[in-house]
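K.L.:
Quick one, run-v4.txt (compact mmCIF, C-alpha atoms and all ligand atoms):
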```
# COMPACT_ATOMS: atom_id res chain seq x y z
CA MET A 1160 -19.84 5.56 -32.26
CA ILE A 1161 -19.25 3.71 -28.95
CA GLU A 1162 -18.21 0.09 -29.24
CA VAL A 1163 -17.68 -1.83 -26.02
CA LYS A 1164 -16.48 -5.40 -26.31
CA ASP A 1165 -16.08 -7.97 -23.52
CA LEU A 1166 -15.64 -5.33 -20.84
CA LEU A 1167 -14.48 -6.87 -17.57
CA ILE A 1168 -14.09 -4.63 -14.52
CA LYS A 1169 -13.27 -5.88 -11.04
CA TYR A 1170 -12.63 -4.10 -7.75
CA GLY A 1171 -10.34 -6.60 -6.01
CA ASN A 1172 -12.06 -9.98 -6.32
CA HIS A 1173 -15.45 -8.41 -6.90
CA THR A 1174 -16.48 -8.58 -10.55
CA VAL A 1175 -18.56 -5.48 -11.27
CA LEU A 1176 -18.97 -5.70 -15.04
CA ASP A 1177 -18.76 -9.11 -16.63
CA HIS A 1178 -17.85 -9.22 -20.30
CA LEU A 1179 -20.27 -6.46 -21.15
CA GLN A 1180 -21.01 -5.65 -24.79
CA LEU A 1181 -22.50 -2.34 -25.88
CA HIS A 1182 -23.01 -0.52 -29.13
CA VAL A 1183 -24.14 3.11 -29.24
CA GLY A 1184 -24.70 4.77 -32.60
CA SER A 1185 -23.67 8.35 -33.26
CA GLN A 1186 -26.04 11.04 -32.05
CA GLU A 1187 -28.02 8.77 -29.78
CA SER A 1188 -29.25 9.62 -26.31
CA ILE A 1189 -28.88 6.61 -24.03
CA ALA A 1190 -30.26 6.17 -20.52
CA ILE A 1191 -28.69 3.60 -18.20
CA ILE A 1192 -30.90 2.40 -15.37
CA GLY A 1193 -30.70 -0.48 -12.92
CA PRO A 1194 -30.56 -1.33 -9.23
CA SER A 1195 -28.04 0.25 -6.92
CA GLY A 1196 -24.60 -1.33 -7.18
CA CYS A 1197 -25.13 -2.96 -10.60
CA GLY A 1198 -22.21 -1.04 -12.10
CA LYS A 1199 -23.84 1.91 -13.87
CA SER A 1200 -21.32 4.50 -12.65
CA THR A 1201 -18.47 2.07 -13.23
CA LEU A 1202 -19.52 1.71 -16.87
CA LEU A 1203 -19.75 5.49 -17.24
CA TYR A 1204 -16.30 6.00 -15.68
CA ALA A 1205 -14.82 3.38 -17.99
CA LEU A 1206 -16.35 5.17 -21.01
CA ALA A 1207 -14.93 8.45 -19.70
CA GLY A 1208 -11.48 6.81 -19.44
CA ILE A 1209 -11.37 7.48 -15.69
CA ILE A 1210 -11.07 3.79 -14.76
CA LYS A 1211 -9.23 1.11 -16.68
CA PRO A 1212 -10.86 -2.26 -17.35
CA GLN A 1213 -9.13 -5.56 -16.53
CA SER A 1214 -9.87 -6.71 -20.05
CA GLY A 1215 -12.03 -5.89 -23.05
CA THR A 1216 -12.01 -2.84 -25.28
CA ILE A 1217 -13.81 0.48 -25.55
CA GLU A 1218 -13.70 2.40 -28.80
CA ILE A 1219 -15.19 5.83 -29.42
CA ASN A 1220 -15.37 6.92 -33.04
CA GLY A 1221 -13.05 4.06 -33.94
CA GLU A 1222 -10.35 5.04 -31.45
CA ALA A 1223 -9.48 3.00 -28.37
CA VAL A 1224 -10.16 4.76 -25.08
CA ASN A 1225 -6.98 4.87 -23.00
CA GLY A 1226 -7.52 7.64 -20.49
CA THR A 1227 -9.67 10.74 -20.84
CA ARG A 1228 -10.57 12.10 -24.26
CA LYS A 1229 -10.78 15.77 -25.04
CA GLU A 1230 -14.02 15.48 -27.03
CA THR A 1231 -15.89 13.80 -24.16
CA GLY A 1232 -17.79 16.06 -21.75
CA VAL A 1233 -18.29 14.51 -18.30
CA ILE A 1234 -20.65 15.58 -15.53
CA LEU A 1235 -20.27 13.61 -12.33
CA GLN A 1236 -22.74 13.42 -9.43
CA SER A 1237 -21.27 16.24 -7.37
CA TYR A 1238 -21.17 18.67 -10.39
CA GLY A 1239 -17.40 19.11 -9.85
CA LEU A 1240 -17.48 22.92 -9.80
CA LEU A 1241 -14.44 24.64 -8.32
CA PRO A 1242 -15.73 26.63 -5.32
CA TRP A 1243 -13.09 29.35 -5.64
CA LYS A 1244 -13.97 30.15 -9.24
CA THR A 1245 -16.96 32.13 -10.48
CA VAL A 1246 -19.66 30.79 -12.80
CA TRP A 1247 -17.83 32.33 -15.74
CA GLU A 1248 -14.45 30.89 -14.72
CA ASN A 1249 -15.92 27.44 -14.07
CA ALA A 1250 -17.71 27.39 -17.41
CA SER A 1251 -14.59 28.47 -19.30
CA LEU A 1252 -12.24 26.01 -17.56
CA GLY A 1253 -12.14 23.40 -20.34
CA LEU A 1254 -11.44 26.05 -22.98
CA GLN A 1255 -8.69 27.65 -20.89
CA ILE A 1256 -7.02 24.26 -20.41
CA ARG A 1257 -7.15 23.89 -24.20
CA LYS A 1258 -5.52 27.32 -24.45
CA LEU A 1259 -8.10 28.82 -26.80
CA PRO A 1260 -7.64 32.53 -27.63
CA LYS A 1261 -9.35 34.80 -25.07
CA LYS A 1262 -11.74 36.20 -27.68
CA ASP A 1263 -12.97 32.72 -28.66
CA ILE A 1264 -13.44 31.76 -25.01
CA GLN A 1265 -15.44 34.96 -24.48
CA THR A 1266 -17.75 34.20 -27.42
CA LYS A 1267 -18.29 30.52 -26.70
CA VAL A 1268 -18.83 30.85 -22.94
CA SER A 1269 -21.17 33.78 -23.19
CA LYS A 1270 -23.24 31.95 -25.85
CA ILE A 1271 -23.58 28.77 -23.78
CA LEU A 1272 -24.36 30.63 -20.54
CA LYS A 1273 -27.09 32.53 -22.39
CA GLN A 1274 -28.54 29.31 -23.81
CA LEU A 1275 -28.66 27.81 -20.33
CA HIS A 1276 -30.19 31.02 -18.86
CA ILE A 1277 -27.39 31.48 -16.33
CA ILE A 1278 -25.52 34.43 -17.84
CA ASP A 1279 -26.88 36.85 -15.24
CA GLN A 1280 -25.15 34.78 -12.52
CA LYS A 1281 -21.77 34.83 -14.23
CA ASN A 1282 -19.88 36.64 -11.44
CA LYS A 1283 -21.23 34.52 -8.61
CA TYR A 1284 -19.46 31.63 -6.88
CA PRO A 1285 -20.99 28.11 -6.74
CA VAL A 1286 -21.92 28.49 -3.07
CA GLN A 1287 -24.13 31.47 -4.00
CA LEU A 1288 -26.15 29.36 -6.47
CA SER A 1289 -29.08 26.97 -6.12
CA GLY A 1290 -28.63 23.28 -7.01
CA GLY A 1291 -30.32 23.82 -10.39
CA GLN A 1292 -28.07 26.78 -11.18
CA GLN A 1293 -24.96 24.80 -10.23
CA GLN A 1294 -26.16 22.02 -12.48
CA ARG A 1295 -26.53 24.47 -15.36
CA VAL A 1296 -22.96 25.67 -14.84
CA ALA A 1297 -21.73 22.06 -14.88
CA ILE A 1298 -23.65 21.47 -18.13
CA ALA A 1299 -22.29 24.74 -19.57
CA ARG A 1300 -18.73 23.73 -18.74
CA ALA A 1301 -19.18 20.31 -20.33
CA LEU A 1302 -20.84 21.76 -23.46
CA ALA A 1303 -18.41 24.66 -23.88
CA ILE A 1304 -15.74 22.28 -25.17
CA GLU A 1305 -18.19 21.22 -27.91
CA PRO A 1306 -18.08 17.54 -27.04
CA ASP A 1307 -19.18 14.81 -29.42
CA LEU A 1308 -20.13 12.72 -26.38
CA LEU A 1309 -21.67 13.85 -23.10
CA LEU A 1310 -21.49 11.43 -20.15
CA MET A 1311 -23.56 12.25 -17.06
CA ASP A 1312 -23.90 10.42 -13.75
CA GLU A 1313 -27.34 11.08 -12.24
CA PRO A 1314 -27.24 14.67 -13.43
CA PHE A 1315 -30.51 15.86 -11.94
CA SER A 1316 -30.88 13.64 -8.87
CA SER A 1317 -30.68 16.39 -6.27
CA LEU A 1318 -33.13 18.75 -7.95
CA ASP A 1319 -36.80 19.27 -7.28
CA ALA A 1320 -39.31 17.97 -9.82
CA ILE A 1321 -39.90 21.28 -11.62
CA VAL A 1322 -36.22 22.22 -12.05
CA ARG A 1323 -35.46 18.63 -13.00
CA GLU A 1324 -38.05 18.71 -15.80
CA GLU A 1325 -36.88 22.13 -16.96
CA LEU A 1326 -33.28 20.90 -17.25
CA GLN A 1327 -34.44 17.72 -18.99
CA HIS A 1328 -36.01 19.96 -21.65
CA VAL A 1329 -32.78 21.98 -21.86
CA LEU A 1330 -30.92 18.74 -22.48
CA VAL A 1331 -33.27 17.51 -25.23
CA ASP A 1332 -32.99 20.94 -26.84
CA THR A 1333 -29.18 20.81 -26.59
CA TYR A 1334 -29.16 17.33 -28.06
CA TYR A 1335 -31.00 18.53 -31.18
CA ARG A 1336 -28.93 21.71 -31.55
CA LYS A 1337 -25.48 20.21 -30.97
CA LYS A 1338 -26.03 16.81 -32.55
CA LEU A 1339 -23.98 15.00 -29.94
CA SER A 1340 -24.31 11.61 -28.28
CA ILE A 1341 -25.49 11.54 -24.69
CA LEU A 1342 -25.16 8.69 -22.25
CA PHE A 1343 -26.47 9.19 -18.74
CA VAL A 1344 -27.06 7.17 -15.59
CA THR A 1345 -30.30 7.62 -13.68
CA HIS A 1346 -32.37 5.95 -10.96
CA ASN A 1347 -35.49 7.62 -12.20
CA ILE A 1348 -37.64 5.63 -14.65
CA GLU A 1349 -39.50 8.70 -15.96
CA GLU A 1350 -36.24 10.53 -16.57
CA ALA A 1351 -34.87 7.52 -18.47
CA VAL A 1352 -38.00 7.40 -20.64
CA PHE A 1353 -38.12 11.15 -21.27
CA LEU A 1354 -34.42 11.56 -22.09
CA GLY A 1355 -33.41 8.18 -23.49
CA GLN A 1356 -33.82 7.25 -27.13
CA LYS A 1357 -32.71 3.86 -25.89
CA ILE A 1358 -33.00 2.74 -22.29
CA ILE A 1359 -30.43 0.24 -21.15
CA VAL A 1360 -31.68 -1.79 -18.20
CA MET A 1361 -28.80 -3.29 -16.20
CA GLN A 1362 -28.87 -6.16 -13.72
CA PRO A 1363 -26.46 -6.85 -10.84
CA ASN A 1364 -24.12 -9.66 -9.72
CA PRO A 1365 -22.27 -9.30 -11.92
CA GLY A 1366 -23.32 -6.15 -13.75
CA SER A 1367 -24.60 -6.85 -17.22
CA ILE A 1368 -27.26 -5.62 -19.61
CA ARG A 1369 -30.67 -7.18 -19.07
CA ALA A 1370 -32.50 -5.41 -21.90
CA ILE A 1371 -32.42 -2.43 -24.22
CA VAL A 1372 -35.75 -0.66 -24.69
CA GLU A 1373 -36.19 1.38 -27.88
CA ASN A 1374 -38.08 4.56 -27.13
CA GLU A 1375 -39.53 5.76 -30.41
CA HIS A 1376 -41.31 8.71 -28.82
CA PHE A 1377 -38.09 10.30 -27.51
CA GLY A 1378 -37.80 14.02 -28.16
CA ASP A 1379 -41.51 14.86 -27.99
CA PRO A 1380 -41.75 17.79 -25.53
CA ASP A 1381 -45.28 16.68 -24.59
CA LEU A 1382 -44.23 13.07 -24.11
CA ARG A 1383 -45.07 13.05 -20.40
CA LYS A 1384 -48.74 13.68 -21.16
CA LYS A 1385 -48.99 10.72 -23.55
CA LYS A 1386 -50.13 7.17 -23.02
CA SER A 1387 -47.07 5.76 -24.78
CA PHE A 1388 -44.84 7.45 -22.17
CA HIS A 1389 -46.56 5.62 -19.34
CA GLU A 1390 -46.54 2.35 -21.26
CA THR A 1391 -42.76 2.61 -21.74
CA CYS A 1392 -42.32 3.49 -18.04
CA VAL A 1393 -44.25 0.34 -17.08
CA LYS A 1394 -42.16 -1.75 -19.45
CA VAL A 1395 -38.90 -0.43 -17.97
CA ARG A 1396 -40.21 -0.98 -14.43
CA GLN A 1397 -41.12 -4.59 -15.21
CA LEU A 1398 -37.68 -5.21 -16.67
CA MET A 1399 -36.08 -3.72 -13.56
CA GLU A 1400 -38.21 -6.00 -11.40
CA GLY A 1401 -36.80 -8.98 -13.24
CA GLN A 1402 -39.54 -9.74 -15.73
CA THR A 1403 -38.31 -10.66 -19.18
CA GLU A 1404 -39.38 -8.88 -22.36
N1 LIG A 1501 -13.63 2.17 -5.80
C1 LIG A 1501 -14.30 1.05 -5.51
N2 LIG A 1501 -13.71 0.06 -4.80
C2 LIG A 1501 -14.37 -1.08 -4.50
N3 LIG A 1501 -15.63 -1.34 -4.89
C3 LIG A 1501 -16.27 -0.39 -5.58
C4 LIG A 1501 -15.64 0.85 -5.93
N4 LIG A 1501 -16.52 1.60 -6.64
C5 LIG A 1501 -17.63 0.86 -6.72
N5 LIG A 1501 -17.50 -0.32 -6.09
C6 LIG A 1501 -18.50 -1.40 -6.02
O1 LIG A 1501 -18.81 -1.77 -7.35
C7 LIG A 1501 -20.19 -2.02 -7.49
C8 LIG A 1501 -20.74 -1.12 -8.59
O2 LIG A 1501 -20.66 0.25 -8.19
P1 LIG A 1501 -21.25 1.42 -9.08
O3 LIG A 1501 -21.05 2.67 -8.35
O4 LIG A 1501 -20.72 1.29 -10.45
O5 LIG A 1501 -22.79 0.99 -9.09
P2 LIG A 1501 -24.07 1.85 -9.51
O6 LIG A 1501 -24.96 0.93 -10.26
O7 LIG A 1501 -23.67 3.10 -10.17
O8 LIG A 1501 -24.66 2.14 -8.07
P3 LIG A 1501 -25.62 3.36 -7.56
O9 LIG A 1501 -26.86 3.26 -8.37
O10 LIG A 1501 -25.84 3.03 -6.12
O11 LIG A 1501 -24.87 4.64 -7.77
C9 LIG A 1501 -20.81 -1.80 -6.12
O12 LIG A 1501 -20.96 -3.05 -5.50
C10 LIG A 1501 -19.81 -0.94 -5.39
O13 LIG A 1501 -19.84 -1.21 -4.02
```
Produce structure tokens that represent the structure in this file.
Ligand SMILES: Nc1ncnc2c1ncn2[C@@H]1O[C@H](COP(=O)(O)OP(=O)(O)OP(=O)(O)O)[C@@H](O)[C@H]1O
P.N.:
Amino acid sequence: MIEVKDLLIKYGNHTVLDHLQLHVGSQESIAIIGPSGCGKSTLLYALAGIIKPQSGTIEINGEAVNGTRKETGVILQSYGLLPWKTVWENASLGLQIRKLPKKDIQTKVSKILKQLHIIDQKNKYPVQLSGGQQQRVAIARALAIEPDLLLMDEPFSSLDAIVREELQHVLVDTYYRKKLSILFVTHNIEEAVFLGQKIIVMQPNPGSIRAIVENEHFGDPDLRKKKSFHETCVKVRQLMEGQTE
């Protein structure tokens, strides 16, 4: 579904991604992890069509990415909610831009807000919400457009452990219901192993892929309690510390 070939991205003279190759199959959930500054967000932005590579190609579903794509849902680090719009208005933004009939917007937004347990906050403004609630609204807005690909940059980094785990479960549940591909950046090894069917470990200077860990236990709601979970976490940690597979 995603085919990245020879991706070269520089900021000035600084090469951030050096001829990176990546293949992501359809309906896969991919975690990207690696040290600070190795180019994780840059890769995500390039996939979202927000930044343009110096050379190389990115194809999604066989089509070259040249700018943003209407079937890609994007959640950036700051959630990107508009402070002057309510929960309902923020969640329906993508559908309004697409000029869907009012009735369809009503049905879709109310369904997604219910699924994310945020419907009772629909008339509130972002400033009146907790971090976890704001995150749900950002997820609702991204999912309302029924994306085939969801890109997320450290989606749960500012949340406490309990809310973080709750939203991780929401995401796994969404993944199975919507049958979409998910690619997310995280600094958190446990999050990568819980949410990633494949875990891409990146290395810096210049940014490239060190290893891809297959996570066969992905999707098990009780994964955290299992030995295999901890074994995969250790494996990812070792790869991040520079040990080879
Ligand atoms: N707009 C920019 N102009 C110049 N350099 C940039 C710009 N954005 C990022 N960089 C540099 O590119 C490199 C990769 O940045 P990027 O944000 O992709 O890394 P990251 O792996 O996501 O980092 P972190 O984990 O800290 O968020 C870093 O060295 C960063 O300083």
K.L.:
Set the distance at 7 Å and use all atoms listed in the file: which residues neighbour A:Ala1301 once local chain neighbours fewer than 4 positions away are removed? I'd like the list as a PDB file with C-alpha atoms, keeping the file's coordinate frame.
P.N.:
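And here's around.pdb as it stands now:
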```pdb
ATOM      1  CA  GLY A1232     -17.790  16.060 -21.750  1.00  0.00           C
ATOM      2  CA  VAL A1233     -18.290  14.510 -18.300  1.00  0.00           C
ATOM      3  CA  ILE A1234     -20.650  15.580 -15.530  1.00  0.00           C
ATOM      4  CA  ALA A1297     -21.730  22.060 -14.880  1.00  0.00           C
TER       5      ALA A1297
END
```
K.L.:
Using only the atoms of stretch 1193-1212 of chain A listed in the file, plus 3 Å on each side, state the axis-aligned box centre and edge lengths in Å rounded to one decimal, as JSON.
P.N.:
```
{"center_x": -20.0, "center_y": 2.7, "center_z": -14.0, "size_x": 27.5, "size_y": 17.4, "size_z": 20.1}
```
K.L.:
Provide the atom CA of A:Ile1321 to atom CA of A:Ile1278 distance in Å, to one decimal place.
P.N.:
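Interatomic distance, atom CA of A:Ile1321 to atom CA of A:Ile1278: 20.5 Å.
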K.L.:
By how many Å are atom CA of A:Lys1164 and atom CA of A:Arg1369 apart?
P.N.:
16.0 Å
K.L.:
Can you tell me which residues sit at most 9 Å away from ligand LIG 1501 (chain A), counting all atoms listed in the file, written as a PDB file with C-alpha atoms, in the frame of the given file?
P.N.:
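Heads up, here's the output in result-v2.pdb:
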```
ATOM      1  CA  LYS A1169     -13.270  -5.880 -11.040  1.00  0.00           C
ATOM      2  CA  TYR A1170     -12.630  -4.100  -7.750  1.00  0.00           C
ATOM      3  CA  GLY A1171     -10.340  -6.600  -6.010  1.00  0.00           C
ATOM      4  CA  HIS A1173     -15.450  -8.410  -6.900  1.00  0.00           C
ATOM      5  CA  THR A1174     -16.480  -8.580 -10.550  1.00  0.00           C
ATOM      6  CA  VAL A1175     -18.560  -5.480 -11.270  1.00  0.00           C
ATOM      7  CA  LEU A1176     -18.970  -5.700 -15.040  1.00  0.00           C
ATOM      8  CA  ILE A1192     -30.900   2.400 -15.370  1.00  0.00           C
ATOM      9  CA  GLY A1193     -30.700  -0.480 -12.920  1.00  0.00           C
ATOM     10  CA  PRO A1194     -30.560  -1.330  -9.230  1.00  0.00           C
ATOM     11  CA  SER A1195     -28.040   0.250  -6.920  1.00  0.00           C
ATOM     12  CA  GLY A1196     -24.600  -1.330  -7.180  1.00  0.00           C
ATOM     13  CA  CYS A1197     -25.130  -2.960 -10.600  1.00  0.00           C
ATOM     14  CA  GLY A1198     -22.210  -1.040 -12.100  1.00  0.00           C
ATOM     15  CA  LYS A1199     -23.840   1.910 -13.870  1.00  0.00           C
ATOM     16  CA  SER A1200     -21.320   4.500 -12.650  1.00  0.00           C
ATOM     17  CA  THR A1201     -18.470   2.070 -13.230  1.00  0.00           C
ATOM     18  CA  LEU A1202     -19.520   1.710 -16.870  1.00  0.00           C
ATOM     19  CA  LEU A1203     -19.750   5.490 -17.240  1.00  0.00           C
ATOM     20  CA  TYR A1204     -16.300   6.000 -15.680  1.00  0.00           C
ATOM     21  CA  ASP A1312     -23.900  10.420 -13.750  1.00  0.00           C
ATOM     22  CA  GLU A1313     -27.340  11.080 -12.240  1.00  0.00           C
ATOM     23  CA  VAL A1344     -27.060   7.170 -15.590  1.00  0.00           C
ATOM     24  CA  THR A1345     -30.300   7.620 -13.680  1.00  0.00           C
ATOM     25  CA  HIS A1346     -32.370   5.950 -10.960  1.00  0.00           C
ATOM     26  CA  MET A1361     -28.800  -3.290 -16.200  1.00  0.00           C
ATOM     27  CA  GLN A1362     -28.870  -6.160 -13.720  1.00  0.00           C
ATOM     28  CA  PRO A1363     -26.460  -6.850 -10.840  1.00  0.00           C
ATOM     29  CA  ASN A1364     -24.120  -9.660  -9.720  1.00  0.00           C
ATOM     30  CA  PRO A1365     -22.270  -9.300 -11.920  1.00  0.00           C
ATOM     31  CA  GLY A1366     -23.320  -6.150 -13.750  1.00  0.00           C
TER      32      GLY A1366
END
```
K.L.:
Which neighbours of A:Asp1279 fall inside 12 Å, counting only C-alpha atoms, when residues of the same chain fewer than 4 positions from it are skipped, and could you give them as a PyMOL selection string?
P.N.:
chain A and resi 1245-1247+1269+1272-1275+1283+1288+1292+1296
K.L.:
Residues of stretch 1300-1359 of chain A within 10 Å of stretch 1372-1389 of chain A: nearest atom pair and distance (Å, one decimal) for each, counting all atoms listed in the file, sorted by chain and number, as a Markdown table?
P.N.:
```
| residue | atom | partner | partner_atom | distance |
| --- | --- | --- | --- | --- |
| A:Gln1327 | CA | A:Pro1380 | CA | 9.8 |
| A:His1328 | CA | A:Pro1380 | CA | 7.3 |
| A:Val1331 | CA | A:Gly1378 | CA | 6.4 |
| A:Asp1332 | CA | A:Gly1378 | CA | 8.5 |
| A:Tyr1334 | CA | A:Gly1378 | CA | 9.3 |
| A:Tyr1335 | CA | A:Gly1378 | CA | 8.7 |
| A:Glu1349 | CA | A:Phe1388 | CA | 8.3 |
| A:Glu1350 | CA | A:Arg1383 | CA | 9.9 |
| A:Ala1351 | CA | A:Asn1374 | CA | 9.7 |
| A:Val1352 | CA | A:Phe1388 | CA | 7.0 |
| A:Phe1353 | CA | A:Phe1377 | CA | 6.3 |
| A:Leu1354 | CA | A:Phe1377 | CA | 6.7 |
| A:Gly1355 | CA | A:Phe1377 | CA | 6.5 |
| A:Gln1356 | CA | A:Asn1374 | CA | 5.0 |
| A:Lys1357 | CA | A:Glu1373 | CA | 4.7 |
| A:Ile1358 | CA | A:Val1372 | CA | 5.0 |
| A:Ile1359 | CA | A:Val1372 | CA | 6.5 |
```
